[in-house]
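What follows is upload21.tsv (TSV, C-alpha atoms).
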chain	number	residue	atom	x	y	z
A	1	MET	CA	-161.84	127.66	-127.46
A	2	PRO	CA	-160.75	124.23	-128.70
A	3	CYS	CA	-158.46	123.59	-125.73
A	4	ILE	CA	-161.20	124.15	-123.18
A	5	ALA	CA	-163.66	122.11	-125.23
A	6	GLU	CA	-161.37	119.10	-124.70
A	7	PHE	CA	-161.35	119.43	-120.90
A	8	PRO	CA	-164.11	116.82	-120.33
A	9	GLN	CA	-162.16	114.27	-122.38
A	10	LEU	CA	-158.97	115.14	-120.50
A	11	GLU	CA	-160.72	114.71	-117.15
A	12	ARG	CA	-161.92	111.32	-118.38
A	13	LEU	CA	-158.32	110.47	-119.24
A	14	MET	CA	-157.18	111.59	-115.77
A	15	GLN	CA	-159.37	108.87	-114.25
A	16	ARG	CA	-157.04	106.34	-115.90
A	17	GLU	CA	-153.84	107.95	-114.60
A	18	LYS	CA	-152.97	105.09	-112.24
A	19	GLU	CA	-153.98	102.31	-114.62
A	20	LEU	CA	-151.93	103.75	-117.51
A	21	GLU	CA	-149.12	104.96	-115.21
A	22	PHE	CA	-148.66	108.47	-116.48
A	23	GLU	CA	-148.65	112.02	-115.18
A	24	PHE	CA	-150.63	114.74	-116.89
A	25	PHE	CA	-149.76	118.45	-117.03
A	26	GLY	CA	-151.38	121.30	-118.86
A	27	ILE	CA	-149.09	124.15	-119.81
A	28	GLU	CA	-150.62	127.56	-120.42
A	29	VAL	CA	-148.63	129.21	-123.20
A	30	LYS	CA	-149.91	132.78	-123.43
A	31	GLY	CA	-149.48	134.09	-119.90
A	32	LEU	CA	-153.22	134.62	-119.46
A	33	LEU	CA	-153.31	133.83	-115.75
A	34	ALA	CA	-156.67	135.37	-114.82
A	35	LYS	CA	-158.52	133.81	-117.75
A	36	MET	CA	-156.93	130.44	-117.09
A	37	ARG	CA	-157.91	130.57	-113.42
A	38	ASP	CA	-161.48	131.44	-114.41
A	39	VAL	CA	-161.63	128.41	-116.69
A	40	VAL	CA	-160.16	126.10	-114.05
A	41	SER	CA	-162.68	127.30	-111.52
A	42	GLU	CA	-165.62	127.04	-113.91
A	43	LYS	CA	-164.67	123.61	-115.26
A	44	LYS	CA	-163.48	122.30	-111.88
A	45	THR	CA	-160.27	121.13	-113.52
A	46	THR	CA	-158.32	118.56	-111.53
A	47	PHE	CA	-155.05	118.42	-113.48
A	48	PRO	CA	-152.19	120.84	-112.78
A	49	ILE	CA	-151.72	123.69	-115.23
A	50	LEU	CA	-148.19	125.01	-115.41
A	51	LEU	CA	-147.14	128.54	-116.28
A	52	ASP	CA	-144.81	128.91	-119.22
A	53	ASP	CA	-142.73	131.90	-118.19
A	54	ARG	CA	-139.75	130.75	-120.26
A	55	GLN	CA	-141.64	130.40	-123.53
A	56	PHE	CA	-140.80	126.72	-123.35
A	57	ALA	CA	-143.73	125.75	-125.58
A	58	ARG	CA	-142.75	128.14	-128.32
A	59	GLU	CA	-138.97	127.85	-128.15
A	60	VAL	CA	-138.37	124.23	-127.15
A	61	LEU	CA	-141.55	122.38	-128.13
A	62	GLN	CA	-142.03	124.62	-131.19
A	63	ILE	CA	-145.80	124.46	-131.11
A	64	SER	CA	-147.59	126.19	-133.97
A	65	GLY	CA	-150.90	126.45	-132.14
A	66	THR	CA	-152.98	125.15	-129.26
A	67	PRO	CA	-153.92	122.59	-128.22
A	68	THR	CA	-150.85	120.49	-128.89
A	69	THR	CA	-150.37	117.29	-126.90
A	70	PHE	CA	-147.01	115.69	-126.24
A	71	ILE	CA	-146.66	112.14	-125.00
A	72	LEU	CA	-143.34	111.23	-123.41
A	73	ASP	CA	-142.10	107.79	-122.54
A	74	GLY	CA	-140.40	106.83	-119.28
A	75	GLU	CA	-137.05	107.96	-120.66
A	76	GLY	CA	-138.36	111.46	-121.23
A	77	ARG	CA	-138.42	111.10	-125.02
A	78	ILE	CA	-141.21	112.66	-127.06
A	79	ARG	CA	-142.97	109.70	-128.65
A	80	ALA	CA	-146.03	111.49	-130.05
A	81	ARG	CA	-147.07	115.02	-130.89
A	82	LEU	CA	-150.78	115.52	-131.53
A	83	VAL	CA	-151.73	118.83	-133.11
A	84	GLY	CA	-155.17	120.34	-132.63
A	85	ALA	CA	-158.33	119.15	-130.97
A	86	ALA	CA	-160.22	115.87	-131.45
A	87	ASP	CA	-163.48	114.57	-129.98
A	88	ASP	CA	-161.77	111.35	-128.90
A	89	ILE	CA	-158.46	112.80	-127.70
A	90	ASP	CA	-158.64	110.79	-124.45
A	91	THR	CA	-158.93	107.49	-126.33
A	92	ILE	CA	-156.10	108.46	-128.67
A	93	ILE	CA	-153.75	109.48	-125.84
A	94	ALA	CA	-154.58	106.31	-123.89
A	95	GLU	CA	-153.82	104.16	-126.92
A	96	VAL	CA	-150.46	105.84	-127.44
A	97	LEU	CA	-149.64	105.46	-123.72
A	98	GLU	CA	-150.42	101.76	-123.91
A	99	ARG	CA	-148.04	101.29	-126.82
A	100	ILE	CA	-144.97	103.19	-125.68
B	101	MET	CA	-148.82	162.50	-115.57
B	102	ALA	CA	-146.42	163.72	-112.83
B	103	ARG	CA	-147.72	160.97	-110.56
B	104	SER	CA	-147.00	158.46	-113.28
B	105	TYR	CA	-143.36	159.56	-113.59
B	106	LEU	CA	-142.89	159.48	-109.83
B	107	LYS	CA	-144.13	155.91	-109.73
B	108	LEU	CA	-141.83	154.95	-112.59
B	109	ILE	CA	-138.84	156.52	-110.83
B	110	ALA	CA	-139.71	154.69	-107.61
B	111	ALA	CA	-140.04	151.41	-109.48
B	112	ALA	CA	-136.73	151.95	-111.27
B	113	ALA	CA	-135.03	152.78	-107.97
B	114	ALA	CA	-136.37	149.57	-106.45
B	115	CYS	CA	-134.92	147.63	-109.40
B	116	VAL	CA	-131.48	149.24	-108.94
B	117	LEU	CA	-131.49	148.41	-105.23
B	118	ILE	CA	-132.31	144.78	-105.85
B	119	ALA	CA	-129.93	144.43	-108.79
B	120	GLY	CA	-127.16	146.10	-106.79
B	121	GLY	CA	-127.34	143.46	-104.11
B	122	CYS	CA	-128.58	145.76	-101.33
B	123	SER	CA	-131.31	143.29	-100.63
B	124	LYS	CA	-131.27	139.56	-100.17
B	125	ARG	CA	-134.79	139.36	-101.57
B	126	GLU	CA	-135.21	136.56	-104.05
B	127	ALA	CA	-136.35	137.33	-107.57
B	128	PRO	CA	-140.15	137.24	-107.79
B	129	SER	CA	-141.58	133.91	-108.90
B	130	ALA	CA	-143.21	133.36	-112.28
B	131	LEU	CA	-146.58	133.36	-110.58
B	132	ALA	CA	-145.93	136.56	-108.61
B	133	ILE	CA	-144.96	138.40	-111.80
B	134	LEU	CA	-148.06	137.25	-113.66
B	135	GLU	CA	-150.22	138.14	-110.65
B	136	GLU	CA	-148.70	141.62	-110.68
B	137	LEU	CA	-149.55	141.91	-114.37
B	138	GLU	CA	-153.12	140.73	-113.81
B	139	ALA	CA	-153.58	143.11	-110.88
B	140	ALA	CA	-152.43	146.02	-113.04
B	141	SER	CA	-154.67	144.88	-115.91
B	142	ALA	CA	-157.70	144.61	-113.62
B	143	VAL	CA	-157.62	148.27	-112.53
B	144	LYS	CA	-160.95	149.78	-113.63
B	145	ASP	CA	-159.84	153.33	-114.37
B	146	PRO	CA	-157.99	153.21	-117.75
B	147	ALA	CA	-155.57	156.04	-116.91
B	148	GLU	CA	-154.60	154.38	-113.62
B	149	ARG	CA	-154.39	151.03	-115.39
B	150	VAL	CA	-151.94	152.43	-117.95
B	151	GLU	CA	-149.78	153.80	-115.12
B	152	ARG	CA	-149.77	150.43	-113.37
B	153	LEU	CA	-148.89	148.64	-116.61
B	154	GLU	CA	-146.05	151.10	-117.23
B	155	ILE	CA	-144.71	150.29	-113.77
B	156	PHE	CA	-144.95	146.61	-114.57
B	157	ILE	CA	-142.93	147.17	-117.76
B	158	ALA	CA	-140.34	149.21	-115.84
B	159	ASN	CA	-140.04	146.46	-113.22
B	160	HIS	CA	-140.02	143.50	-115.60
B	161	GLY	CA	-138.47	144.88	-118.77
B	162	ASP	CA	-137.02	141.52	-119.72
B	163	HIS	CA	-140.00	139.29	-118.88
B	164	PRO	CA	-141.26	137.27	-121.87
B	165	TYR	CA	-144.86	138.33	-121.18
B	166	ARG	CA	-144.15	142.07	-121.04
B	167	HIS	CA	-145.81	142.33	-124.47
B	168	LEU	CA	-149.11	141.63	-122.67
B	169	ALA	CA	-148.53	144.74	-120.58
B	170	TYR	CA	-147.62	146.75	-123.67
B	171	ASN	CA	-150.71	145.53	-125.52
B	172	ARG	CA	-153.07	146.12	-122.62
B	173	ALA	CA	-151.71	149.63	-122.05
B	174	LEU	CA	-151.97	150.42	-125.76
B	175	GLU	CA	-155.52	149.13	-125.86
B	176	ALA	CA	-156.49	151.27	-122.89
B	177	ILE	CA	-154.89	154.37	-124.39
B	178	ALA	CA	-156.39	153.89	-127.85
B	179	ALA	CA	-159.79	152.32	-127.14
B	180	GLU	CA	-160.74	153.73	-123.73
B	181	LEU	CA	-158.84	157.00	-123.39
B	182	LYS	CA	-159.23	157.48	-127.15
B	183	ASP	CA	-155.86	159.20	-127.37
B	184	GLU	CA	-154.40	158.09	-130.69
B	185	ALA	CA	-151.44	160.48	-130.44
B	186	ARG	CA	-150.47	159.13	-127.03
B	187	ALA	CA	-150.83	155.56	-128.28
B	188	LYS	CA	-148.38	156.38	-131.08
B	189	ARG	CA	-145.94	157.97	-128.63
B	190	PHE	CA	-146.27	154.99	-126.30
B	191	LEU	CA	-145.54	152.56	-129.12
B	192	ALA	CA	-142.60	154.61	-130.43
B	193	ALA	CA	-141.08	154.80	-126.95
B	194	ALA	CA	-141.54	151.07	-126.44
B	195	LEU	CA	-139.94	150.28	-129.78
B	196	ALA	CA	-137.03	152.58	-129.03
B	197	ARG	CA	-136.50	150.68	-125.77
B	198	GLU	CA	-136.86	147.15	-127.12
B	199	ILE	CA	-133.96	145.55	-128.94
B	200	ASP	CA	-135.12	141.95	-128.56
B	201	PRO	CA	-136.54	140.88	-131.97
B	202	ALA	CA	-139.40	138.87	-130.42
B	203	SER	CA	-140.56	141.74	-128.20
B	204	ARG	CA	-140.28	144.24	-131.03
B	205	GLY	CA	-142.28	141.79	-133.11
B	206	GLU	CA	-145.12	141.71	-130.57
B	207	LEU	CA	-145.27	145.51	-130.51
B	208	LEU	CA	-145.20	145.82	-134.28
B	209	LEU	CA	-147.86	143.15	-134.56
B	210	ALA	CA	-150.10	145.21	-132.28
B	211	GLU	CA	-149.56	148.21	-134.56
B	212	PHE	CA	-150.19	146.09	-137.66
B	213	THR	CA	-153.47	144.64	-136.36
B	214	HIS	CA	-154.57	148.13	-135.35
B	215	LEU	CA	-153.89	149.33	-138.91
B	216	MET	CA	-155.69	146.29	-140.36
B	217	GLU	CA	-158.81	147.25	-138.42
B	218	LYS	CA	-158.76	150.62	-140.14
B	219	GLY	CA	-158.29	149.20	-143.65
B	220	HIS	CA	-155.82	147.20	-145.69
B	221	GLY	CA	-153.85	149.96	-147.48
B	222	GLU	CA	-151.82	151.36	-144.61
B	223	ALA	CA	-151.37	147.93	-143.01
B	224	VAL	CA	-150.00	146.46	-146.24
B	225	ALA	CA	-147.49	149.31	-146.62
B	226	PHE	CA	-146.51	148.91	-142.96
B	227	ALA	CA	-145.95	145.15	-143.31
B	228	ASP	CA	-143.93	145.65	-146.47
B	229	SER	CA	-141.72	148.21	-144.72
B	230	LEU	CA	-140.81	145.69	-141.99
B	231	LEU	CA	-139.55	142.94	-144.30
B	232	GLY	CA	-136.06	144.39	-144.56
B	233	THR	CA	-135.55	145.38	-140.96
B	234	GLU	CA	-137.29	143.14	-138.43
B	235	ARG	CA	-136.11	139.73	-137.15
B	236	SER	CA	-139.14	138.18	-135.47
B	237	PRO	CA	-140.41	135.02	-137.23
B	238	ARG	CA	-143.68	135.24	-135.29
B	239	LEU	CA	-144.33	138.79	-136.46
B	240	PHE	CA	-144.09	137.75	-140.11
B	241	LEU	CA	-146.08	134.57	-139.57
B	242	TYR	CA	-148.99	136.45	-137.99
B	243	MET	CA	-148.91	139.28	-140.52
B	244	GLY	CA	-149.04	136.58	-143.17
B	245	TYR	CA	-152.17	135.10	-141.58
B	246	TYR	CA	-153.93	138.45	-141.88
B	247	LEU	CA	-152.60	139.29	-145.33
B	248	MET	CA	-153.52	135.95	-146.94
B	249	ASP	CA	-157.14	137.10	-147.02
B	250	PRO	CA	-157.83	137.49	-150.77
B	251	LYS	CA	-159.08	141.02	-150.05
B	252	ALA	CA	-155.78	141.92	-148.32
B	253	ASN	CA	-152.54	141.04	-150.12
B	254	PRO	CA	-151.84	137.30	-150.57
B	255	ALA	CA	-148.63	137.96	-152.55
B	256	LEU	CA	-147.24	139.94	-149.61
B	257	ALA	CA	-148.48	137.21	-147.27
B	258	VAL	CA	-146.30	134.71	-149.15
B	259	LYS	CA	-143.29	137.03	-148.68
B	260	CYS	CA	-144.09	137.28	-144.97
B	261	PHE	CA	-144.37	133.51	-144.57
B	262	LEU	CA	-141.08	132.98	-146.39
B	263	LYS	CA	-139.42	135.63	-144.26
B	264	SER	CA	-140.76	133.84	-141.18
B	265	ALA	CA	-139.32	130.55	-142.46
B	266	ASP	CA	-136.00	132.26	-143.11
B	267	LEU	CA	-135.85	133.69	-139.58
B	268	SER	CA	-137.09	130.56	-137.75
B	269	THR	CA	-134.38	128.59	-136.04
B	270	GLY	CA	-136.38	125.41	-135.44
B	271	GLN	CA	-137.22	122.90	-138.14
B	272	ARG	CA	-140.87	122.65	-137.10
B	273	ALA	CA	-141.41	126.39	-137.05
B	274	ARG	CA	-139.78	126.62	-140.48
B	275	ALA	CA	-141.95	123.80	-141.85
B	276	HIS	CA	-145.08	125.55	-140.54
B	277	ALA	CA	-144.10	128.83	-142.24
B	278	PHE	CA	-143.44	127.00	-145.55
B	279	THR	CA	-146.81	125.27	-145.20
B	280	MET	CA	-148.54	128.62	-144.83
B	281	ALA	CA	-146.68	130.00	-147.87
B	282	ALA	CA	-147.85	126.95	-149.82
B	283	ALA	CA	-151.45	127.42	-148.60
B	284	CYS	CA	-151.37	130.99	-149.78
B	285	LEU	CA	-149.94	130.07	-153.19
B	286	ASP	CA	-152.50	127.29	-153.50
B	287	GLN	CA	-155.25	129.81	-152.87
B	288	MET	CA	-153.69	132.00	-155.61
B	289	GLY	CA	-153.78	129.05	-158.06
B	290	GLU	CA	-149.97	128.73	-158.23
B	291	LYS	CA	-149.80	124.92	-158.30
B	292	GLU	CA	-146.11	124.41	-159.05
B	293	GLU	CA	-145.00	126.97	-156.46
B	294	THR	CA	-147.38	125.37	-153.95
B	295	LYS	CA	-145.70	122.01	-154.47
B	296	ARG	CA	-142.26	123.58	-154.23
B	297	TYR	CA	-142.92	124.94	-150.76
B	298	LEU	CA	-144.81	121.85	-149.63
B	299	ALA	CA	-141.64	119.92	-150.36
B	300	MET	CA	-139.87	122.18	-147.84
B	301	ALA	CA	-142.52	121.55	-145.18
B	302	GLU	CA	-141.64	117.94	-144.42
B	303	GLY	CA	-143.22	116.67	-141.21
B	304	ASN	CA	-145.98	119.28	-141.02
B	305	PRO	CA	-149.43	117.66	-140.83
B	306	GLU	CA	-151.19	120.58	-142.54
B	307	ALA	CA	-148.73	120.24	-145.42
B	308	ASP	CA	-149.65	116.56	-145.61
B	309	GLU	CA	-153.31	117.47	-145.80
B	310	MET	CA	-152.60	119.81	-148.72
B	311	ARG	CA	-150.39	117.18	-150.39
B	312	GLY	CA	-153.20	114.65	-150.00
B	313	ARG	CA	-155.71	116.93	-151.68
B	314	LEU	CA	-153.39	117.81	-154.59
B	315	LEU	CA	-152.46	114.16	-155.13
B	316	TRP	CA	-156.13	113.13	-155.03
B	317	GLU	CA	-156.99	115.79	-157.61
B	318	GLU	CA	-154.20	114.48	-159.84
B	319	GLY	CA	-155.56	110.94	-159.54
B	320	ASN	CA	-152.68	109.61	-157.39
B	321	ARG	CA	-155.11	108.09	-154.94
B	322	ALA	CA	-152.85	105.67	-153.08
B	323	GLU	CA	-150.25	108.39	-152.51
B	324	ALA	CA	-153.01	110.79	-151.49
B	325	ILE	CA	-154.21	108.29	-148.88
B	326	ASP	CA	-150.66	107.96	-147.53
B	327	ALA	CA	-150.45	111.73	-147.15
B	328	TYR	CA	-153.86	111.92	-145.45
B	329	ILE	CA	-152.85	109.13	-143.06
B	330	ARG	CA	-149.65	111.00	-142.13
B	331	CYS	CA	-151.81	114.08	-141.55
B	332	ALA	CA	-154.43	112.29	-139.41
B	333	SER	CA	-151.68	110.56	-137.42
B	334	ARG	CA	-150.33	113.85	-136.15
B	335	MET	CA	-153.50	115.95	-136.38
B	336	PRO	CA	-156.22	113.61	-135.07
B	337	GLY	CA	-159.12	115.94	-135.91
B	338	ALA	CA	-158.19	115.74	-139.60
B	339	ARG	CA	-159.46	112.17	-139.88
B	340	LYS	CA	-162.99	113.52	-139.83
B	341	TYR	CA	-162.73	116.67	-141.92
B	342	THR	CA	-160.59	115.11	-144.66
B	343	ARG	CA	-163.25	112.34	-144.86
B	344	LEU	CA	-160.36	109.91	-144.68
B	345	ASP	CA	-162.49	106.88	-143.77
B	346	SER	CA	-164.65	107.28	-146.89
B	347	LEU	CA	-161.68	107.91	-149.17
B	348	TYR	CA	-159.85	104.91	-147.71
B	349	ALA	CA	-162.88	102.69	-148.33
B	350	LEU	CA	-162.93	103.88	-151.95
B	351	VAL	CA	-159.28	103.02	-152.56
B	352	TYR	CA	-159.06	99.94	-150.33
B	353	PRO	CA	-162.64	98.55	-150.18
B	354	ASP	CA	-161.70	95.35	-148.34
B	355	ALA	CA	-159.10	96.75	-145.96
B	356	ARG	CA	-159.90	97.20	-142.28
B	357	ASP	CA	-156.53	98.52	-141.18
B	358	LEU	CA	-156.96	102.29	-141.38
B	359	GLY	CA	-157.00	102.78	-137.59
B	360	GLU	CA	-153.85	100.73	-137.21
B	361	ARG	CA	-152.06	102.64	-139.97
B	362	ILE	CA	-152.95	105.96	-138.36
B	363	MET	CA	-151.79	104.76	-134.95
B	364	ALA	CA	-148.51	103.45	-136.38
B	365	GLY	CA	-147.85	106.88	-137.87
B	366	ARG	CA	-148.61	108.54	-134.56
B	367	ILE	CA	-145.76	107.01	-132.58
B	368	GLY	CA	-142.22	108.14	-133.30
B	369	ASP	CA	-139.25	109.52	-131.43
B	370	GLU	CA	-138.48	113.22	-131.41
B	371	GLY	CA	-135.70	112.70	-128.89
B	372	GLN	CA	-135.12	113.61	-125.28
B	373	LEU	CA	-137.01	116.57	-123.84
B	374	SER	CA	-135.31	118.53	-121.13
B	375	MET	CA	-138.11	120.08	-119.06
B	376	GLY	CA	-136.91	121.50	-115.76
B	377	ILE	CA	-138.91	123.35	-113.14
B	378	PHE	CA	-142.35	124.88	-113.57
B	379	VAL	CA	-144.86	126.58	-111.30
B	380	ASP	CA	-148.60	125.97	-111.55
B	381	LEU	CA	-151.48	128.45	-111.28
B	382	GLU	CA	-151.42	128.25	-107.49
B	383	GLY	CA	-147.66	128.53	-107.10
B	384	LYS	CA	-146.93	124.84	-106.56
B	385	VAL	CA	-143.50	123.93	-107.94
B	386	TYR	CA	-143.02	120.92	-110.21
B	387	ASP	CA	-139.62	119.62	-111.19
B	388	LEU	CA	-140.49	117.65	-114.30
B	389	SER	CA	-136.93	116.41	-114.70
B	390	LYS	CA	-137.60	114.20	-111.66
B	391	LEU	CA	-140.32	112.27	-113.47
B	392	LYS	CA	-137.86	109.92	-115.17
B	393	GLY	CA	-139.33	106.45	-115.36
B	394	LYS	CA	-142.88	107.76	-115.69
B	395	LYS	CA	-144.78	108.48	-118.85
B	396	VAL	CA	-145.85	112.09	-119.14
B	397	VAL	CA	-148.59	113.81	-121.10
B	398	LEU	CA	-147.95	117.50	-121.67
B	399	TYR	CA	-150.90	119.46	-122.98
B	400	ALA	CA	-150.04	122.92	-124.37
B	401	LEU	CA	-153.12	125.08	-124.11
B	402	SER	CA	-154.52	128.56	-124.07
B	403	PRO	CA	-157.78	129.73	-122.47
B	404	THR	CA	-158.68	131.81	-125.54

Kindly present the structure from the file in C-alpha cells form.
Amino acid sequence: MPCIAEFPQLERLMQREKELEFEFFGIEVKGLLAKMRDVVSEKKTTFPILLDDRQFAREVLQISGTPTTFILDGEGRIRARLVGAADDIDTIIAEVLERI
Amino acid sequence: MARSYLKLIAAAAACVLIAGGCSKREAPSALAILEELEAASAVKDPAERVERLEIFIANHGDHPYRHLAYNRALEAIAAELKDEARAKRFLAAALAREIDPASRGELLLAEFTHLMEKGHGEAVAFADSLLGTERSPRLFLYMGYYLMDPKANPALAVKCFLKSADLSTGQRARAHAFTMAAACLDQMGEKEETKRYLAMAEGNPEADEMRGRLLWEEGNRAEAIDAYIRCASRMPGARKYTRLDSLYALVYPDARDLGERIMAGRIGDEGQLSMGIFVDLEGKVYDLSKLKGKKVVLYALSPT
C-alpha cells in the first residue's frame, strides 16, 4: 500500500501548512469508504480525505495510478504532478511549494 | 428469491416517486450513497448481501461506483454461494442493462480476471473477442497488464494497450497506454517497435525511464541522463531505482547540480484546474474553487 506508507511523511508536511501557506487534501479514488476510514482511524490521519464520486481523478486529472500528487499554485494552476511514492515526498512537495 | 424481487420492486418504486417529483427529498449525498454500499457489502450472510447489493444497483444505476456493487455481488455468488451458473446469469443481466462503456468495461474486467484465475486459454480468447466491440480504455489497459505476462499472451497485450490508447480521450491516458505497449514490445525484444511507441508517449515518466535505459545501452549516455532526469522529475521514486545519482556521477564526475536539474524539471504548468465541491469521509463539504489565492496539494490515493 504505497499511498498509506507515505502517510507519516504527509503528516510531517502538514506540520508546515501555515509556514508554507498551502492546503492539503487527499482524494480517495476507488470508492473504498470503509477501508479508507479504517486506515484513517488506524493512522490517526489529520488531513481531510475527499470522496471522488465524479471520477474526477480519472477523468480530469487523468491519473494512471496511486499515489499521484498534484501541486497547484495560488491561481489554481497545476504546477507539478508527482507520480508514485517516494521516501522523501514531504521534502519534495515542500521544495516545490517554496518555488511556485 | 421472491423476497429479493419484492425488495427490487420496492426500490424501483421509490426511485420513480423521487424522480417523478412526488417528494422534495434531496438526492442522497456522495457519502450517503457510499455508506449504503458499504452497509450492503458488510452483511454477513452472502445471499442477503447479494440482495442488498442488487437493491443498491437498482437505486443507483448511474452511480460511478456501481461496479463495486456488481463486483461484490459477483464475488459473493461465485466464491461464497459457489453458484457459477447464477454468477453467469448475473453478469449477463448486468451487461444487458449497462450501455455505458466504462461500466461495461468494469463488468467485463471482472469476468476476464475470473477467467485468468482459471487459466490463460479462455481468458485470452475472451479478451480477443472484446477488441472489436467494447469501448472502455480502462478495460483494455487492465487486460493488457494481465496479458503482458510472458506466460499469457504479450502480443495480445500489445493490441489491448493500443486499443486503450485509441479509445482514450486524454493525452496522458493515451501516453500511458502507449508506454505500456512499448514496455510489452521491449519485453518481446522488438526494439524498433518499442522506440516507435515510446515516441508516442511524450510526457510519460515511465516512457522516459525506458528511453533512458535504451539510450544508455546504445552508448548515448548524455541523452540517457536527460531522459532519466525527466523521469525522476515527475516520478520521484525513480531517482533511487534507476541509480540516477551513480550514473550522473559517471557521466558528469565534477557536476553537483543533479538535484537542481531534477527540481527544474518538476515544475511546469499544466493549466488551470477546475475543482468544484467535494465531500470528505465524514460528510464535511469542501468547495475547492474557493481556495483561489492559496496553494493546494491534492494527493490522489487508494487504501489498497

**Message:** as a PyMOL selection string, could you give me every residue of chain B near chain A (at most 8 Å apart, counting only C-alpha atoms)?
**Reply:** chain B and resi 130-131+134-135+138+163-165+270+272-273+276+333-337+363+366-374+378-381+391-404

**Request:** Please measure the separation of atom CA of B:Pro305 and atom CA of B:Met243, giving the value in Å to one decimal.
**Result:**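 According to the coordinates, atom CA of B:Pro305 and atom CA of B:Met243 are separated by 21.6 Å.
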
**Request:** Quote the spacing between atom CA of B:Glu360 and atom CA of B:Lys295 in Å to one decimal place.
**Result:**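 It comes out at 28.6 Å.
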
**Prompt:** With only C-alpha atoms as the atoms that count, which of B:Met375, B:Ala210, B:Leu168, B:Met310 lies nearest to B:Lys188?
**Reply:** B:Ala210

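One finds atom CA of B:Gln287 at 24.3 Å from atom CA of B:Gln271.
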
**Message:** My list of candidates is B:Ile157, B:Ala187, B:Leu388, B:Leu207. Which is closest to B:Gly376 when distances are computed with all atoms listed in the file?
**Reply:**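 Ranking B:Ile157, B:Ala187, B:Leu388, B:Leu207 by distance to B:Gly376, first place goes to B:Leu388.
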
**Option closest in space to B:Glu206, from B:Leu241, B:Ala132, B:Ala176, B:Met280 [counting only C-alpha atoms]** = B:Leu241

**Item:** Given only C-alpha atoms as the counted atoms, nearest of A:Thr46, A:Ser41, A:Arg12, A:Ala5 to A:Asp90
**Value:**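 Using only C-alpha atoms, the shortest distance to A:Asp90 belongs to A:Arg12.
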
**Item:** Nearby residues (all atoms listed in the file) at most 7 Å from B:Ile362, same-chain spacing under 3 positions excluded, as a PyMOL selection string
**Value:** chain B and resi 329+332-333+358-359+365-366

Output of the above residues as a compact mmCIF listing (two decimals), keeping the file's coordinate frame, restricted to C-alpha atoms:
# COMPACT_ATOMS: atom_id res chain seq x y z
CA ILE B 329 -152.85 109.13 -143.06
CA ALA B 332 -154.43 112.29 -139.41
CA SER B 333 -151.68 110.56 -137.42
CA LEU B 358 -156.96 102.29 -141.38
CA GLY B 359 -157.00 102.78 -137.59
CA GLY B 365 -147.85 106.88 -137.87
CA ARG B 366 -148.61 108.54 -134.56

Final N, CA and C atoms of stretch 40-51 of chain A as a tab-separated table (two decimals), in the coordinates of the input:
chain	number	residue	atom	x	y	z
A	40	VAL	N	-160.40	127.20	-115.00
A	40	VAL	CA	-160.16	126.10	-114.05
A	40	VAL	C	-161.26	126.05	-113.01
A	41	SER	N	-161.65	127.24	-112.54
A	41	SER	CA	-162.68	127.30	-111.52
A	41	SER	C	-164.04	126.88	-112.10
A	42	GLU	N	-164.33	127.36	-113.29
A	42	GLU	CA	-165.62	127.04	-113.91
A	42	GLU	C	-165.73	125.56	-114.28
A	43	LYS	N	-164.64	125.01	-114.81
A	43	LYS	CA	-164.67	123.61	-115.26
A	43	LYS	C	-164.30	122.63	-114.17
A	44	LYS	N	-163.91	123.15	-113.01
A	44	LYS	CA	-163.48	122.30	-111.88
A	44	LYS	C	-162.37	121.33	-112.33
A	45	THR	N	-161.38	121.92	-112.97
A	45	THR	CA	-160.27	121.13	-113.52
A	45	THR	C	-159.45	120.49	-112.41
A	46	THR	N	-159.08	119.24	-112.59
A	46	THR	CA	-158.32	118.56	-111.53
A	46	THR	C	-156.84	118.42	-111.87
A	47	PHE	N	-156.47	118.61	-113.14
A	47	PHE	CA	-155.05	118.42	-113.48
A	47	PHE	C	-154.28	119.73	-113.30
A	48	PRO	N	-152.98	119.61	-112.98
A	48	PRO	CA	-152.19	120.84	-112.78
A	48	PRO	C	-151.95	121.57	-114.10
A	49	ILE	N	-152.02	122.89	-114.04
A	49	ILE	CA	-151.72	123.69	-115.23
A	49	ILE	C	-150.51	124.55	-114.91
A	50	LEU	N	-149.46	124.33	-115.67
A	50	LEU	CA	-148.19	125.01	-115.41
A	50	LEU	C	-148.12	126.33	-116.17
A	51	LEU	N	-147.35	127.25	-115.61
A	51	LEU	CA	-147.14	128.54	-116.28
A	51	LEU	C	-145.88	128.43	-117.14
